[in-house]
Amino acid sequence: MTMHFIATSGAMTNGTVAHDFNSIPQTFQHLQVRLTVRDTAAFVQRSWFLEVNGNSPSGSNSQHYLSGDGSGVGSSNAVNQGRWGGPAVPAASASANVFGAYILDILDYRDTNKTKTFRAIGGFDNGGSGAVEIYSYLYNSTNAISSLRFYTNQGFAGGSRIDLYGITSNPVATGA
Amino acid sequence: MPKGMQPIFTQKVNSASFIAFNNIPQTYTDLLIKLSIRGTPAAFDSVGIIFNGNQYSRSRNIMQGNGSAASSSRGTYRDIGAMGGTNTTSNVYSSYDIYIPNYTLSIFHQCIIDAVLENNASEGYSYLTSFVDLNNFSINSISISSSTYGVNLGPDSTMTLYGISRQ
């Protein structure tokens with residue numbers, strides 16, 4: 001088995017402000033987070049956010065994305081950020097029961113020779129609006145990642161869920 | 001053979017211009033590569049992939065964002081994305097997932113890649129790439145390098161090869 005379950009938010013109650021993964025085990029090669037989320041703000045589309053190792057919204061981190069919204073594609077960036085903010089999430093004015101889905105990979109999350117690159121692919125469709133995206137974030141620190149805080153503009157909608165997995169790299173004896 | 005995803009081998013670069021896996025076991029259904037890579041020149045450089053040492057009959061289609069605009073291109077090259085060098089933020093490594101289904105079959109091999117090149121500057125890259133090798137062989141070796149042959153990869157670049165089994 002390569003992919004090991006670490007922790008989950010479970011099905012969140014409506015209005016959950018944030019979910020924290022603390023004391024992340026330092027025993028895997030990579031981390032993967034799987035999100036199925038929705039925001040409670042009175043908009044069709046908002047964003048989900050991430051803070052790493054308790055980082056507050058100031059710093060030298062950056063983000064870039066490639067996005068399609070059903071009618072065109074675009075790319076943008078933001079530098080000198082403290083938090084990762086931007087991946088699209090459906091909110092309270094979106095169709096009922098529509099949730100956004102993302103898979104987020106964090107390679108070499110405990111390698112202290114590297115700053116940490118986050119790569120997420122996902123989006124949502126709302127039957128007439130929505131987005132599909134590949135989104136990245138540079139946590140510009142070589143510190144190992146020990147905690148992650150996820151939140152939205154106003155709070156997670158009921159039923160949102162975030163799962164954290166660890167991925168190993170222990171080789172098997174194949175001669176490769 | 002256990003079902004699901006299993007690590008086959010991990011390579012870490014100290015001073016080398018490429019990362020290679022040889023004698024890949026032919027006992028899985030699909031392959032997945034997780035790649036954390038950086039270059040050494042003071043410039044962006046492409047990341048290239050080669051199967052079985054063969055550099056002919058291949059094609060790739062890239063959709064990319066550079067932090068300000070999106071574009072798409074097709075070519076017959078080995079490059080599937082890019083990595084930064086000393087022109088980018090210190091110690092930042094590009095992040096790749098490379099999915100290679102049905103690698104044991106003697107067919108054209110279609111690969112799907114999602115990748116990002118982060119940088120604490122407005123210029124950073126996002127990629128969705130499809131790559132096809134048109135040689136009708138089963139894949140028993142994979143090499144990853146810069147598109148500029150002989151140029152060293154950044155130290156601590158890592159590549160883990162996973163096998164995925166359905167049965």
# chains A, B, ... in the order shown; residues from 1 in each chain; ligands from 1
>>> residues_around(residues="Thr13 of chain A", least_positions_apart="3", cutoff="8 Å", atoms="only C-alpha atoms", output="number ranges by chain")
A: 16, 156-160
>>> select_by_dssp(residues="segment 31-121 of chain A", states="strand (DSSP E)", output="ChimeraX atom specification")
/A:31-37,45-52,61-68,73-81,84-90,100-107,116-121
>>> residues_around(residues="Val132 of chain A", least_positions_apart="5", cutoff="6 Å", atoms="only C-alpha atoms", output="ChimeraX atom specification")
/A:67-68,122-123
>>> interface_residues(of="chain B", to="chain A", cutoff="9 Å", atoms="only C-alpha atoms", output="PyMOL selection string")
chain B and resi 2-10+21-25+34-36+63-71+89-97+114-128+141+156+158+160-162
>>> residues_around(residues="Asn135 of chain B", least_positions_apart="4", cutoff="12 Å", atoms="only C-alpha atoms", output="PyMOL selection string")
chain B and resi 50-59+105-110+139
>>> write_last_selection(atoms="N, CA and C atoms", output="tab-separated table (two decimals), in the first residue's frame")
chain	number	residue	atom	x	y	z
B	50	ILE	N	11.63	10.39	-22.30
B	50	ILE	CA	12.01	9.45	-23.36
B	50	ILE	C	11.70	8.03	-22.88
B	51	PHE	N	11.04	7.26	-23.72
B	51	PHE	CA	10.77	5.85	-23.41
B	51	PHE	C	11.72	4.96	-24.20
B	52	ASN	N	12.28	3.97	-23.55
B	52	ASN	CA	13.13	2.95	-24.18
B	52	ASN	C	14.25	3.57	-25.02
B	53	GLY	N	14.72	4.74	-24.65
B	53	GLY	CA	15.83	5.38	-25.35
B	53	GLY	C	15.49	5.87	-26.74
B	54	ASN	N	14.22	5.85	-27.10
B	54	ASN	CA	13.83	6.18	-28.46
B	54	ASN	C	13.37	7.64	-28.55
B	55	GLN	N	13.95	8.37	-29.48
B	55	GLN	CA	13.60	9.78	-29.59
B	55	GLN	C	12.85	10.12	-30.88
B	56	TYR	N	12.22	9.13	-31.47
B	56	TYR	CA	11.52	9.37	-32.72
B	56	TYR	C	10.06	9.02	-32.57
B	57	SER	N	9.24	9.55	-33.43
B	57	SER	CA	7.82	9.22	-33.51
B	57	SER	C	7.10	9.47	-32.20
B	58	ARG	N	6.97	10.71	-31.91
B	58	ARG	CA	6.27	11.11	-30.69
B	58	ARG	C	5.59	12.45	-30.97
B	59	SER	N	4.65	12.80	-30.14
B	59	SER	CA	3.94	14.06	-30.30
B	59	SER	C	3.39	14.48	-28.94
B	105	LEU	N	1.71	-2.97	-22.84
B	105	LEU	CA	1.18	-3.38	-24.14
B	105	LEU	C	2.01	-2.79	-25.27
B	106	SER	N	2.06	-3.49	-26.38
B	106	SER	CA	2.78	-2.99	-27.56
B	106	SER	C	1.83	-2.11	-28.37
B	107	ILE	N	1.61	-0.93	-27.87
B	107	ILE	CA	0.68	0.01	-28.48
B	107	ILE	C	1.31	1.40	-28.45
B	108	PHE	N	0.64	2.37	-29.09
B	108	PHE	CA	1.03	3.76	-28.88
B	108	PHE	C	0.78	4.09	-27.41
B	109	HIS	N	1.72	4.79	-26.80
B	109	HIS	CA	1.56	5.07	-25.37
B	109	HIS	C	1.17	6.52	-25.15
B	110	GLN	N	-0.03	6.69	-24.66
B	110	GLN	CA	-0.59	7.99	-24.39
B	110	GLN	C	-0.36	8.33	-22.92
B	139	ILE	N	6.88	-0.39	-22.57
B	139	ILE	CA	7.86	0.52	-21.96
B	139	ILE	C	8.64	-0.23	-20.88
>>> atom_distance(atom1="atom CA of Leu148 of chain A", atom2="atom CA of Asp69 of chain A")
27.9 Å
>>> residues_around(residues="Gly85 of chain A", least_positions_apart="3", cutoff="8 Å", atoms="only C-alpha atoms", output="PDB file with C-alpha atoms, in the first residue's frame")
ATOM      1  CA  SER A  47     -12.527  30.574  -3.197  1.00  0.00           C
ATOM      2  CA  TRP A  48     -10.982  28.196  -0.732  1.00  0.00           C
ATOM      3  CA  PHE A  49      -7.863  29.193   1.169  1.00  0.00           C
ATOM      4  CA  LEU A  50      -4.885  27.481   2.747  1.00  0.00           C
TER       5      LEU A  50
END
>>> closest_residue(among="A:Phe5, A:Trp84, A:Tyr109, A:Phe43", to="Ile145 of chain A", atoms="only C-alpha atoms")
A:Tyr109
>>> residues_around(residues="Asn102 of chain B", least_positions_apart="5", cutoff="12 Å", atoms="only C-alpha atoms", output="number ranges by chain")
B: 26-32, 107-111, 136-139, 163-166
>>> write_last_selection(atoms="C-alpha atoms", output="PDB file, in the first residue's frame")
ATOM      1  CA  GLN B  26       6.149  -5.634 -16.537  1.00  0.00           C
ATOM      2  CA  THR B  27       3.768  -6.718 -13.795  1.00  0.00           C
ATOM      3  CA  TYR B  28       1.578  -3.651 -13.282  1.00  0.00           C
ATOM      4  CA  THR B  29      -1.258  -2.188 -15.329  1.00  0.00           C
ATOM      5  CA  ASP B  30      -0.260   1.485 -15.345  1.00  0.00           C
ATOM      6  CA  LEU B  31       2.615   3.669 -14.196  1.00  0.00           C
ATOM      7  CA  LEU B  32       2.614   6.963 -12.329  1.00  0.00           C
ATOM      8  CA  ILE B 107       0.677   0.014 -28.477  1.00  0.00           C
ATOM      9  CA  PHE B 108       1.034   3.763 -28.882  1.00  0.00           C
ATOM     10  CA  HIS B 109       1.561   5.074 -25.373  1.00  0.00           C
ATOM     11  CA  GLN B 110      -0.587   7.994 -24.388  1.00  0.00           C
ATOM     12  CA  CYS B 111       0.482   9.891 -21.267  1.00  0.00           C
ATOM     13  CA  ASN B 136       4.359   0.289 -30.526  1.00  0.00           C
ATOM     14  CA  PHE B 137       6.648  -1.088 -27.855  1.00  0.00           C
ATOM     15  CA  SER B 138       6.097  -1.935 -24.234  1.00  0.00           C
ATOM     16  CA  ILE B 139       7.859   0.522 -21.962  1.00  0.00           C
ATOM     17  CA  GLY B 163       3.139   0.849 -10.466  1.00  0.00           C
ATOM     18  CA  ILE B 164      -0.656   0.679 -10.428  1.00  0.00           C
ATOM     19  CA  SER B 165      -2.381  -2.700 -10.502  1.00  0.00           C
ATOM     20  CA  ARG B 166      -6.014  -3.458 -11.078  1.00  0.00           C
TER      21      ARG B 166
END
